[in-house]
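Taking it in order: structure first as C-alpha cells, then the write-up.
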Amino acid sequence: MQRRSRIAVLAAASLLLVAGCSSGGGPATGSGGSAGPGGRAGTASPSPSSSAVVPPAKGTVRVTGTVATGLKSPWGVAPLPGGDLLVGERDTGRIVRVAAHGGKVTELGSVPGVAPGGEGGLLGLAVSSSFGTDHQVYAYFTTASDNRIARMIYDERRQPGNQLGAPNTIFKGIPKGRFHNGGRIAFGPDRMVYAGTGETGDKPLAQDKKSPAGKILRMTPDGEPAHGNPEPDSVVYDYGHRNVQGLAWDADKRLWASEFGQDAWDELNLIEPGRNYGWPQVEGKRKGGAVPPGYADPVLVWKPADASPSGLAYAKGSLWMASLRGQRLWRIALNGTKPVAAPQAFLTGEYGRLRTVVAAGDGALWLVTGNTDGRGTPHKGDDRILRLEVS
C-alpha cells in the first residue's frame with residue numbers, strides 16, 4: 001500500500017555550516033583564462049552574492065502524485081525533451097521510459113556488459129545536450145573489469161525492448177569495487193560530461209591524480225579531456241573524494257556534489273577545479289591544525305544516519321538532496337554559496353530510502369525511491385517515482 005505523504009520539517013541542529021573554501025584555493029571556474037564549468041574564463045572564486053532570487057529560510061514539499069511503480073533497483077534518471085524520463089535499473093541493466101503524464105513504462109532495452117554486484121551495475125544516465133539531433137543516451141555502468149561510460153543511440157521508432165543501439169564506450173578504466181563505485185553523470189552548462197566516481201574502498205586512489213577513482217571527471221562528449229581542466233591531458237577535474245553520488249548546478253552555474261562519508265560526516269561540497277577535498281586525510285570539516293592546510297572544506301556535513309546522500313538537484317533557489325539511510329529529502333536554501341539557514345528535512349521515513357532527485361524544469365521535482373536495492377524494506381509498489389511541488 002502506498003504510504004501517505006506528510007511533510008516532516010526537522011531542525012538540523014547537528015549539522016555544521018562551514019565556509020565552502022579553505023585558504024590556498026584556486027578560482028571556481030578555471031585559472032589563467034581557462035574556461036570552467038559554466039564556460040566563463042578567468043573569473044574569481046565564487047561570491048556569496050547570486051543572480052538567483054534568495055529563497056526563504058523555510059520551504060515546503062508536497063507530493064502531488066505517484067508517476068510510476070514497480071521499478072527494480074532504479075538508479076539513474078535522465079529527463080527527455082518534453083518531460084518524459086529515462087530510468088536505469090541498477091541490477092537488471094534495463095533502461096525504461098516513464099511517461100510524465102500517465103506513467104506508462106516502456107522498455108528501451110538492456111545495456112550489454114553490465115555486471116551488477118554490491119553497489120555496482122547500471123548507474124548514472126544522461127541524455128546528450130544535442131539529444132534532439134543525435135539521440136544519444138549516456139550511461140555509467142560496472143562491467144566485469146571496470147566502471148565505464150558509454151553512449152547509445154535511442155531510436156523510439158523501433159519495437160520496445162530493442163530501441164537501444166550498441167554501446168560506444170567513450171571512457172573506461174574507472175576502478176570498480178563491491179562498494180564506492182560513484183556513478184552519477186550529467187551534462188554541465190558547458191555541454192561537457194561530468195562524472196562522480198568512488199575510490200572503491202582503496203583509499204589512496206582518491207589522492208592519486210593519475211587514477212580516475214575518487215574524483216569528479218570532466219570530459220568532452222567523446223570522452224576526451226575537456227578544455228580548461230586543471231591538467232590539459234587529464235579528465236580529472238578535482239580529487240580527494242570518497243564516493244560522489246550527486247551532481248547539480250545552481251542558477252549561477254556553480255557545481256555542487258553530495259558525497260558519502262565513512263563513520264563521521266557525509267558532505268555537500270562546492271566544487272572548484274583542481275581542489276583537493278581531503279579524503280582519506282579528512283572526513284568532514286578540518287579540525288584545527290590536525291591536518292595540513294590546502295583541503296577544501298565542505299559547505300555542509302551530516303551524520304550518516306541522517307543522510308547517506310545520493311542524488312542532488314537544484315530548484316526554486318535551493319539544493320535538494322536525496323538520502324538513503326536517512327530516508328529523507330533535504331532542502332538547502334542558498335544565497336550564492338552560503339546556506340540561508342539550517343537545512344530542512346522532508347518526507348522522513350515516509351517512502352523509505354531515497355535514491356535520486358531530478359529537477360522537472362518547472363520548479364517541481366521527480367523523486368525516486370531506492371527500497372529494492374538490497375538494503376531497503378520494499379513495500380507494495382516499490383520502487384516508485386513521485387512528483388513533488390516544492391518551495
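Labels used: A, B, ... for chains in the order of the C-alpha cells, numbers from 1 for residues in each chain, and numbers from 1 for ligands as shown.
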Quiz item: Got a sec: who's within 7 Å of range 208-219 of chain A, counting only C-alpha atoms, leaving out chain neighbours fewer than 4 positions off, as a PyMOL selection string?
Solution: chain A and resi 174-175+192-199+204+223-226+235-243
Quiz item: Quick one: residues within 6 Å of range 86-96 of chain A, only C-alpha atoms counted, chain neighbours fewer than 4 positions away excluded, as a list in words?
Solution: Lys72, Ser73, Pro74, Trp75, Gly76, Val77, Ala78, Thr106, Glu107, Leu108, Gly109, Ser110, Val111, Pro116, Gly121, Leu122 and Leu123 of chain A
The selected residues should be written to file as a tab-separated table (two decimals), in the first residue's frame (atoms: all heavy atoms).
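Output contents, as saved in out_39.tsv:
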```
chain	number	residue	atom	x	y	z
A	72	LYS	N	12.58	-1.78	-10.46
A	72	LYS	CA	13.50	-2.64	-9.73
A	72	LYS	C	14.88	-1.98	-9.66
A	72	LYS	O	15.52	-1.76	-10.68
A	72	LYS	CB	13.61	-4.02	-10.39
A	72	LYS	CG	12.27	-4.73	-10.51
A	72	LYS	CD	11.57	-4.90	-9.15
A	72	LYS	CE	10.23	-5.59	-9.29
A	72	LYS	NZ	9.49	-5.63	-8.00
A	73	SER	N	15.31	-1.67	-8.48
A	73	SER	CA	16.60	-1.03	-8.21
A	73	SER	C	16.87	0.16	-9.12
A	73	SER	O	17.93	0.24	-9.75
A	73	SER	CB	17.76	-2.04	-8.29
A	73	SER	OG	17.85	-2.64	-9.59
A	74	PRO	N	15.92	1.12	-9.23
A	74	PRO	CA	16.18	2.29	-10.09
A	74	PRO	C	17.34	3.10	-9.53
A	74	PRO	O	17.50	3.23	-8.32
A	74	PRO	CB	14.86	3.06	-10.03
A	74	PRO	CG	14.25	2.66	-8.72
A	74	PRO	CD	14.65	1.23	-8.52
A	75	TRP	N	18.12	3.68	-10.43
A	75	TRP	CA	19.31	4.45	-10.02
A	75	TRP	C	19.40	5.73	-10.84
A	75	TRP	O	19.11	6.80	-10.36
A	75	TRP	CB	20.56	3.59	-10.17
A	75	TRP	CG	21.67	3.89	-9.21
A	75	TRP	CD1	22.01	3.16	-8.10
A	75	TRP	CD2	22.62	4.97	-9.29
A	75	TRP	NE1	23.10	3.73	-7.47
A	75	TRP	CE2	23.49	4.85	-8.18
A	75	TRP	CE3	22.81	6.02	-10.16
A	75	TRP	CZ2	24.54	5.74	-7.93
A	75	TRP	CZ3	23.85	6.92	-9.92
A	75	TRP	CH2	24.70	6.78	-8.81
A	76	GLY	N	19.84	5.62	-12.09
A	76	GLY	CA	19.99	6.81	-12.91
A	76	GLY	C	18.67	7.26	-13.52
A	76	GLY	O	17.84	6.43	-13.90
A	77	VAL	N	18.50	8.57	-13.62
A	77	VAL	CA	17.31	9.16	-14.23
A	77	VAL	C	17.75	10.30	-15.14
A	77	VAL	O	18.55	11.15	-14.74
A	77	VAL	CB	16.33	9.68	-13.16
A	77	VAL	CG1	15.13	10.35	-13.82
A	77	VAL	CG2	15.87	8.55	-12.25
A	78	ALA	N	17.21	10.33	-16.35
A	78	ALA	CA	17.55	11.39	-17.30
A	78	ALA	C	16.27	11.92	-17.93
A	78	ALA	O	15.59	11.17	-18.65
A	78	ALA	CB	18.50	10.86	-18.38
A	106	THR	N	7.80	2.06	-20.74
A	106	THR	CA	8.20	1.37	-21.97
A	106	THR	C	9.66	0.99	-21.88
A	106	THR	O	10.51	1.84	-21.56
A	106	THR	CB	8.00	2.29	-23.18
A	106	THR	OG1	6.63	2.72	-23.24
A	106	THR	CG2	8.36	1.57	-24.47
A	107	GLU	N	9.98	-0.27	-22.13
A	107	GLU	CA	11.37	-0.71	-22.06
A	107	GLU	C	12.10	-0.36	-23.35
A	107	GLU	O	11.67	-0.70	-24.45
A	107	GLU	CB	11.46	-2.21	-21.82
A	107	GLU	CG	12.89	-2.71	-21.71
A	107	GLU	CD	13.00	-4.18	-21.40
A	107	GLU	OE1	11.97	-4.81	-21.08
A	107	GLU	OE2	14.13	-4.71	-21.49
A	108	LEU	N	13.24	0.35	-23.19
A	108	LEU	CA	14.11	0.61	-24.34
A	108	LEU	C	14.93	-0.61	-24.68
A	108	LEU	O	15.14	-0.96	-25.84
A	108	LEU	CB	15.04	1.79	-24.04
A	108	LEU	CG	14.52	3.21	-24.23
A	108	LEU	CD1	13.37	3.51	-23.27
A	108	LEU	CD2	15.64	4.22	-24.02
A	109	GLY	N	15.48	-1.24	-23.63
A	109	GLY	CA	16.35	-2.38	-23.80
A	109	GLY	C	17.29	-2.47	-22.62
A	109	GLY	O	17.20	-1.71	-21.66
A	110	SER	N	18.21	-3.40	-22.67
A	110	SER	CA	19.21	-3.59	-21.62
A	110	SER	C	20.58	-3.21	-22.16
A	110	SER	O	20.88	-3.40	-23.34
A	110	SER	CB	19.22	-5.05	-21.15
A	110	SER	OG	17.99	-5.40	-20.56
A	111	VAL	N	21.42	-2.69	-21.27
A	111	VAL	CA	22.77	-2.29	-21.64
A	111	VAL	C	23.67	-3.52	-21.58
A	111	VAL	O	23.85	-4.11	-20.51
A	111	VAL	CB	23.29	-1.19	-20.71
A	111	VAL	CG1	24.72	-0.79	-21.10
A	111	VAL	CG2	22.36	0.03	-20.75
A	116	PRO	N	26.19	-6.43	-12.49
A	116	PRO	CA	25.76	-5.93	-11.19
A	116	PRO	C	26.39	-6.72	-10.06
A	116	PRO	O	26.73	-7.89	-10.19
A	116	PRO	CB	24.24	-6.12	-11.23
A	116	PRO	CG	24.03	-7.23	-12.19
A	116	PRO	CD	25.11	-7.11	-13.21
A	121	GLY	N	26.68	-1.81	-11.07
A	121	GLY	CA	25.64	-2.17	-12.02
A	121	GLY	C	25.42	-1.02	-12.97
A	121	GLY	O	26.33	-0.24	-13.25
A	122	LEU	N	24.19	-0.91	-13.47
A	122	LEU	CA	23.83	0.23	-14.32
A	122	LEU	C	23.53	1.41	-13.40
A	122	LEU	O	22.55	1.40	-12.67
A	122	LEU	CB	22.62	-0.11	-15.19
A	122	LEU	CG	22.09	1.00	-16.09
A	122	LEU	CD1	23.17	1.53	-17.02
A	122	LEU	CD2	20.88	0.52	-16.86
A	123	LEU	N	24.36	2.43	-13.46
A	123	LEU	CA	24.27	3.53	-12.51
A	123	LEU	C	23.73	4.78	-13.20
A	123	LEU	O	22.58	4.83	-13.57
A	123	LEU	CB	25.63	3.74	-11.84
A	123	LEU	CG	26.17	2.49	-11.10
A	123	LEU	CD1	27.58	2.71	-10.56
A	123	LEU	CD2	25.23	2.06	-9.99
```
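Minimum distance to Ala52 in chain A across A:Ala345, A:Ser308, A:Lys253, A:Thr377 (counting only C-alpha atoms) occurs at A:Lys253.
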Quiz item: In range 140-310 of chain A, what's strand (DSSP E or B) per DSSP? Answer as a PyMOL selection string?
Solution: chain A and resi 140-142+147-154+164+168-174+185-187+193-196+198+215-219+225+236-239+243-249+255-259+266-271+276+295+300-302+309-310
With C-alpha atoms retained, export the selected residues as an mmCIF file, in the first residue's frame.
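result03.cif, freshly written:
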```cif
data_model
loop_
_atom_site.group_PDB
_atom_site.id
_atom_site.type_symbol
_atom_site.label_atom_id
_atom_site.label_comp_id
_atom_site.auth_asym_id
_atom_site.auth_seq_id
_atom_site.Cartn_x
_atom_site.Cartn_y
_atom_site.Cartn_z
ATOM 1 C CA TYR A 140 27.822 4.925 -16.400
ATOM 2 C CA PHE A 141 27.983 1.234 -15.543
ATOM 3 C CA THR A 142 30.020 -1.514 -13.937
ATOM 4 C CA ASN A 147 33.401 1.130 -14.441
ATOM 5 C CA ARG A 148 32.944 2.924 -17.733
ATOM 6 C CA ILE A 149 30.865 5.464 -19.623
ATOM 7 C CA ALA A 150 29.246 4.572 -22.930
ATOM 8 C CA ARG A 151 26.717 6.174 -25.222
ATOM 9 C CA MET A 152 23.942 4.556 -27.227
ATOM 10 C CA ILE A 153 21.544 5.793 -29.882
ATOM 11 C CA TYR A 154 17.928 5.680 -28.739
ATOM 12 C CA LEU A 164 18.962 0.964 -27.907
ATOM 13 C CA ASN A 168 30.056 3.037 -27.836
ATOM 14 C CA THR A 169 32.464 3.314 -24.890
ATOM 15 C CA ILE A 170 33.819 6.848 -24.522
ATOM 16 C CA PHE A 171 35.750 6.327 -21.260
ATOM 17 C CA LYS A 172 36.823 3.186 -19.451
ATOM 18 C CA GLY A 173 39.210 2.058 -16.755
ATOM 19 C CA ILE A 174 37.471 3.623 -13.750
ATOM 20 C CA ILE A 185 26.872 11.507 -14.685
ATOM 21 C CA ALA A 186 25.468 14.752 -16.064
ATOM 22 C CA PHE A 187 25.971 17.265 -18.835
ATOM 23 C CA VAL A 193 30.184 15.372 -19.423
ATOM 24 C CA TYR A 194 30.786 15.270 -15.656
ATOM 25 C CA ALA A 195 31.077 12.011 -13.709
ATOM 26 C CA GLY A 196 31.352 11.397 -9.977
ATOM 27 C CA GLY A 198 34.280 6.456 -5.871
ATOM 28 C CA LYS A 215 37.261 12.151 -8.374
ATOM 29 C CA ILE A 216 34.905 14.278 -10.374
ATOM 30 C CA LEU A 217 35.783 13.840 -14.044
ATOM 31 C CA ARG A 218 35.103 16.368 -16.804
ATOM 32 C CA MET A 219 35.309 15.296 -20.427
ATOM 33 C CA PRO A 225 39.868 15.811 -21.538
ATOM 34 C CA VAL A 236 40.356 14.744 -13.613
ATOM 35 C CA TYR A 237 38.519 17.892 -12.540
ATOM 36 C CA ASP A 238 39.078 17.624 -8.784
ATOM 37 C CA TYR A 239 40.118 14.913 -6.338
ATOM 38 C CA ASN A 243 32.149 8.339 -3.107
ATOM 39 C CA VAL A 244 30.468 11.102 -5.099
ATOM 40 C CA GLN A 245 26.774 10.349 -5.624
ATOM 41 C CA GLY A 246 25.107 13.613 -6.650
ATOM 42 C CA LEU A 247 25.925 16.448 -9.079
ATOM 43 C CA ALA A 248 23.938 19.661 -9.588
ATOM 44 C CA TRP A 249 24.483 23.202 -10.869
ATOM 45 C CA LEU A 255 28.785 22.857 -9.408
ATOM 46 C CA TRP A 256 27.755 21.127 -6.178
ATOM 47 C CA ALA A 257 28.294 17.493 -5.188
ATOM 48 C CA SER A 258 26.911 15.216 -2.489
ATOM 49 C CA GLU A 259 29.210 12.565 -1.063
ATOM 50 C CA ASP A 266 28.570 12.963 4.897
ATOM 51 C CA GLU A 267 29.302 16.054 2.823
ATOM 52 C CA LEU A 268 27.873 18.668 0.488
ATOM 53 C CA ASN A 269 30.720 20.280 -1.433
ATOM 54 C CA LEU A 270 31.018 23.322 -3.654
ATOM 55 C CA ILE A 271 33.228 22.055 -6.460
ATOM 56 C CA ASN A 276 41.558 18.608 -3.047
ATOM 57 C CA TYR A 295 41.960 20.981 1.616
ATOM 58 C CA LEU A 300 27.586 21.252 4.982
ATOM 59 C CA VAL A 301 28.013 17.976 6.813
ATOM 60 C CA TRP A 302 25.556 15.413 8.157
ATOM 61 C CA PRO A 309 23.269 11.114 0.398
ATOM 62 C CA SER A 310 22.629 10.057 -3.148
#
```
Practice problem: Can you work out which one of A:Ala139, A:Arg254, A:Gln163, A:Pro280 has the shortest atom-to-atom distance to Lys203 in chain A, counting only C-alpha atoms? | Solution: A:Pro280
Quiz item: Which residues come within 12 Å of Ala333 in chain A, counting only C-alpha atoms, excluding same-chain residues fewer than 4 positions away, as a PyMOL selection string?
Solution: chain A and resi 52-60+250+300+313-321+337-345+390-391
Residues from the last selection, N, CA and C atoms, saved as a compact mmCIF listing (two decimals), in the first residue's frame:
```
# COMPACT_ATOMS: atom_id res chain seq x y z
N ALA A 52 20.43 34.70 -8.59
CA ALA A 52 19.20 34.00 -8.28
C ALA A 52 18.46 34.70 -7.14
N VAL A 53 17.15 34.55 -7.12
CA VAL A 53 16.35 35.08 -6.02
C VAL A 53 16.63 34.24 -4.78
N VAL A 54 16.89 34.90 -3.66
CA VAL A 54 17.20 34.19 -2.43
C VAL A 54 15.92 33.56 -1.89
N PRO A 55 15.91 32.25 -1.69
CA PRO A 55 14.70 31.58 -1.20
C PRO A 55 14.48 31.84 0.28
N PRO A 56 13.27 31.63 0.77
CA PRO A 56 13.02 31.78 2.21
C PRO A 56 13.74 30.72 3.01
N ALA A 57 13.96 31.01 4.29
CA ALA A 57 14.63 30.04 5.15
C ALA A 57 13.82 28.75 5.29
N LYS A 58 12.52 28.87 5.28
CA LYS A 58 11.65 27.70 5.41
C LYS A 58 10.94 27.46 4.09
N GLY A 59 10.97 26.22 3.63
CA GLY A 59 10.30 25.86 2.40
C GLY A 59 9.24 24.82 2.64
N THR A 60 8.67 24.33 1.56
CA THR A 60 7.62 23.33 1.64
C THR A 60 7.83 22.25 0.59
N ASP A 250 23.84 25.25 -9.74
CA ASP A 250 22.87 26.24 -9.29
C ASP A 250 22.61 27.26 -10.40
N LEU A 300 28.46 21.84 3.97
CA LEU A 300 27.59 21.25 4.98
C LEU A 300 28.02 19.82 5.25
N ALA A 313 19.70 17.80 -6.70
CA ALA A 313 19.06 18.61 -7.72
C ALA A 313 18.96 20.04 -7.22
N TYR A 314 18.76 20.98 -8.16
CA TYR A 314 18.59 22.39 -7.83
C TYR A 314 17.25 22.87 -8.36
N ALA A 315 16.45 23.49 -7.50
CA ALA A 315 15.16 24.03 -7.90
C ALA A 315 14.71 25.06 -6.88
N LYS A 316 14.06 26.10 -7.36
CA LYS A 316 13.48 27.15 -6.51
C LYS A 316 14.51 27.76 -5.57
N GLY A 317 15.75 27.93 -6.05
CA GLY A 317 16.78 28.57 -5.25
C GLY A 317 17.43 27.71 -4.20
N SER A 318 17.09 26.41 -4.18
CA SER A 318 17.61 25.50 -3.16
C SER A 318 18.18 24.25 -3.80
N LEU A 319 19.13 23.64 -3.11
CA LEU A 319 19.57 22.29 -3.45
C LEU A 319 18.69 21.30 -2.70
N TRP A 320 18.39 20.19 -3.36
CA TRP A 320 17.56 19.13 -2.78
C TRP A 320 18.36 17.84 -2.84
N MET A 321 18.56 17.21 -1.70
CA MET A 321 19.45 16.06 -1.59
C MET A 321 18.68 14.84 -1.10
N THR A 337 26.79 31.16 -2.40
CA THR A 337 27.47 29.94 -1.93
C THR A 337 27.19 29.64 -0.47
N LYS A 338 26.33 30.42 0.17
CA LYS A 338 26.07 30.25 1.59
C LYS A 338 24.66 29.73 1.83
N PRO A 339 24.50 28.77 2.74
CA PRO A 339 23.15 28.37 3.13
C PRO A 339 22.43 29.52 3.82
N VAL A 340 21.16 29.69 3.50
CA VAL A 340 20.36 30.74 4.12
C VAL A 340 20.07 30.41 5.58
N ALA A 341 19.87 29.13 5.86
CA ALA A 341 19.54 28.67 7.21
C ALA A 341 19.92 27.20 7.31
N ALA A 342 19.71 26.64 8.50
CA ALA A 342 19.94 25.20 8.64
C ALA A 342 19.04 24.43 7.69
N PRO A 343 19.54 23.37 7.08
CA PRO A 343 18.72 22.59 6.14
C PRO A 343 17.45 22.04 6.79
N GLN A 344 16.46 21.80 5.95
CA GLN A 344 15.21 21.19 6.39
C GLN A 344 15.11 19.77 5.84
N ALA A 345 14.52 18.91 6.62
CA ALA A 345 14.28 17.53 6.18
C ALA A 345 12.79 17.32 5.94
N VAL A 390 7.53 22.03 -4.78
CA VAL A 390 8.39 22.49 -3.70
C VAL A 390 8.49 24.01 -3.72
N SER A 391 8.89 24.54 -2.58
CA SER A 391 9.17 25.97 -2.49
C SER A 391 10.31 26.21 -1.53
```
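One finds CA of Thr200 in chain A at 4.7 Å from CA of Gly177 in chain A.
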Self-check item: Separation of CA of Val63 in chain A from CA of Leu388 in chain A, in Å and rounded to one decimal
Solution: 4.5 Å
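Of the listed residues A:Gly261, A:Arg97, A:Arg375, A:Pro221, the one whose atoms come nearest to Asp134 in chain A is A:Pro221, with distances taken using only C-alpha atoms.
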Practice problem: May I ask which of the residues A:Leu85, A:Leu367, A:Ile385, A:Val299 is the closest one to Leu329 in chain A, counting only C-alpha atoms? | Solution: A:Leu367
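Counting only C-alpha atoms and comparing A:Ala144, A:Ala264, A:Ala100, A:Val368, the residue that lies closest to Gly117 in chain A is A:Ala144.
Remark: for Leu312 in chain A, the closest of the candidate residues A:Gly201, A:Lys380, A:Thr369, A:Arg184 is A:Arg184 (distances computed over only C-alpha atoms).
The gap separating CA of Gly120 in chain A from CA of Arg178 in chain A is 6.5 Å, in Å to one decimal.
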